[in-house]
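Colleague: Handing you this structure, nothing more for now.
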Amino acid sequence: MTTLRVPVEAEQPRVVSHPRVLFEVCVLAWRNLVKFSRNPRLMVLSTIQPLAQLILFAYVFNGIAHVQGVSYREFVIPAVLIQAVTLSAMRTGVAVADDLDSGMIDRFRSLPIARSAVLVGRTVSDTLRLAIQSMLLLLVAVLIGFDFREGALRAAGVFFVVVCFGVAFTSFAGWVGLRVRDPETAQTALLVPVLPLVFTSSAFSPVSRLPGFMQGIARWNPVTAAVDTARSLSIGGPLLVPFLHFVAWILSITVVFTTLGVRRYRRAATGA
């Protein structure tokens, strides 16, 4: 008996031009911004929360904590900016998990768009949101008496550092959202690494005051790199080493978790 074999043509990868990918990223970023703007309660609450953190740390702890050579308010405000953008970036993971849970990711995967456009579009839209929030926080910090001793140019550098750290953490949060596939679980899963990273860093206390076993962790903590860079730009201090650590962490986190996120996105609809 002769078996008839029918050749099957392998599926060829779709070639997408760079201008088209850019357009797709912009469309998806706009979609995310429109969705966010249509939830006024979320807009208000996501603005009030970091402002409350800034004011509470600046006034409540300023009277009970002391750092040699500088008021605690000036010491802690750069750290609060980093903490606020980190907590706000967690919303990326929750939003991605919500899209996955509601079936929106399945719809995106059925469209003839670049695989990276969904996650990059989410990063772009959330970066714009974080940039506006960071600008507002910097303005409030000035209004409550924070002094950028190093001038306006370095103050702009603080804004750049805060936003870049938000971009990196957005990439991480998006990957977590794809992994856990559930909004409530995503929020909890993100809090598990975030809280230890923030509190075992130089954010709220000099590294030398931390317990001995925490000091090594704190020195290599990405939050420490971001906080020390922002602090040096705003109130002075060594800048080169913290900045190099910061750049290394930002590039590593962004590249690694964007790559992992795109790979996970390709398999998300299958439940793998």
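Ordering of the structure tokens sets the chain letters (A, B, ...), residue numbers begin anew at 1 in every chain, and ligands are numbered from 1 in the order given.
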Restrict the calculation to only C-alpha atoms, then for each residue of region 110-169 of chain A with any atom at most 8 Å from an atom of region 75-88 of chain A give the closest atom pair and their distance in Å to one decimal, rows by chain and rising residue number, as CSV.
Modeller:
residue,atom,partner,partner_atom,distance
A:Leu130,CA,A:Val85,CA,6.6
A:Ser134,CA,A:Leu81,CA,7.2
A:Leu137,CA,A:Leu81,CA,7.1
A:Leu138,CA,A:Leu81,CA,8.0
A:Ala141,CA,A:Ile77,CA,7.4
A:Phe146,CA,A:Ile77,CA,7.8
A:Val162,CA,A:Ile82,CA,5.8
A:Val163,CA,A:Val85,CA,7.6
A:Phe165,CA,A:Ile82,CA,7.5
A:Gly166,CA,A:Val85,CA,5.6
A:Phe169,CA,A:Thr86,CA,6.6
Colleague: Could you write those residues out with C-alpha atoms, as a PDB file, in the first residue's frame?
Modeller:
ATOM      1  CA  LEU A 130       4.876  57.956  35.656  1.00  0.00           C
ATOM      2  CA  SER A 134       7.019  62.363  38.966  1.00  0.00           C
ATOM      3  CA  LEU A 137       5.873  65.036  43.022  1.00  0.00           C
ATOM      4  CA  LEU A 138       8.929  67.175  42.283  1.00  0.00           C
ATOM      5  CA  ALA A 141       8.624  68.640  47.033  1.00  0.00           C
ATOM      6  CA  PHE A 146      12.896  70.825  49.485  1.00  0.00           C
ATOM      7  CA  VAL A 162      13.105  58.581  38.654  1.00  0.00           C
ATOM      8  CA  VAL A 163      11.444  58.006  35.277  1.00  0.00           C
ATOM      9  CA  PHE A 165      13.771  53.527  37.241  1.00  0.00           C
ATOM     10  CA  GLY A 166      10.027  53.478  36.622  1.00  0.00           C
ATOM     11  CA  PHE A 169      10.392  48.314  37.007  1.00  0.00           C
TER      12      PHE A 169
END
Colleague: Just how far from CA of Pro206 (chain A) is CA of Gln68 (chain A), in Å to one decimal?
Modeller: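 Atom-to-atom, CA of Gln68 (chain A) to CA of Pro206 (chain A), that is 9.8 Å.
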Colleague: List the spatial neighbours of Ala97 (chain A) as a CSV table (one decimal) with C-alpha atoms, in the first residue's frame - criterion: any atom at most 10 Å away, only C-alpha atoms, same-chain residues fewer than 6 positions off excluded.
Modeller:
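selection-v4.csv was written with the following content:
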chain,number,residue,atom,x,y,z
A,91,ARG,CA,0.0,48.9,38.3
A,103,GLY,CA,-9.1,37.7,27.2
A,104,MET,CA,-7.8,40.9,25.7
A,105,ILE,CA,-4.3,39.4,25.3
A,173,ALA,CA,6.0,44.2,36.5
A,174,GLY,CA,4.7,43.4,33.0
A,175,TRP,CA,6.5,40.1,33.1
A,176,VAL,CA,5.1,39.3,36.5
A,177,GLY,CA,1.6,40.1,35.2
A,178,LEU,CA,2.0,37.6,32.4
A,179,ARG,CA,3.4,34.9,34.6
A,180,VAL,CA,0.7,35.0,37.3
A,181,ARG,CA,-2.3,35.6,34.9
A,182,ASP,CA,-4.5,37.1,37.7
A,183,PRO,CA,-4.7,40.8,38.8
A,184,GLU,CA,-5.0,40.1,42.5
A,185,THR,CA,-2.2,37.6,42.5
A,186,ALA,CA,-0.1,40.0,40.4
A,187,GLN,CA,-0.3,42.7,43.1
Colleague: Tell me which of A:Arg209, A:Arg266, A:Arg129, A:Arg115 sits closest to Val21 (chain A), counting only C-alpha atoms.
Modeller: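 Smallest distance to Val21 (chain A) is found for A:Arg115.
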Colleague: May I have all residues of region 171-270 of chain A that DSSP, computed from the backbone, assigns to helix (DSSP H, G or I), given as an MDAnalysis selection string?
Modeller: chainID A and resid 171:180 183:199 207:209 212:219 222:235 240:268
Colleague: So the first atom is CA of Gly237 (chain A) and the second is CA of Ala225 (chain A); what is the distance between them in Å, to one decimal place?
Modeller: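 Result for CA of Gly237 (chain A) versus CA of Ala225 (chain A): 13.2 Å, one decimal.
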Colleague: Which is closer to Val96 (chain A) than all the others in A:Thr170, A:Ser46, A:Val256, A:Cys164, using only C-alpha atoms?
Modeller: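 The answer is A:Thr170, which sits nearest to Val96 (chain A).
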Colleague: Give me, please, the distance in Å between CA of Thr258 (chain A) and CA of Asp126 (chain A), quoted to one decimal.
Modeller: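 The value is 14.2 Å.
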Colleague: Could you name the residues that touch Leu240 (chain A) at 10 Å or less, counting only C-alpha atoms, but leaving out those on the same chain fewer than 6 positions away, as a list in words?
Modeller: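 Neighbouring residues, sequence-local ones excluded: Thr229, Ser232 and Phe246 of chain A.
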Colleague: List the neighbours of Leu197 (chain A) out to 8 Å using only C-alpha atoms; skip same-chain residues closer than 3 positions along the sequence, and give me the result as a PyMOL selection string.
Modeller: chain A and resi 193-194+200-201+221-223
Colleague: I'd like the contact shell of Ile235 (chain A) - 8 Å cut-off, only C-alpha atoms, skipping same-chain residues fewer than 3 positions apart - returned as a list of chain:residue names.
Modeller: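 The contact residues come out as A:Glu74, A:Asp147, A:Phe148, A:Arg149, A:Glu150, A:Arg231, A:Ser232.
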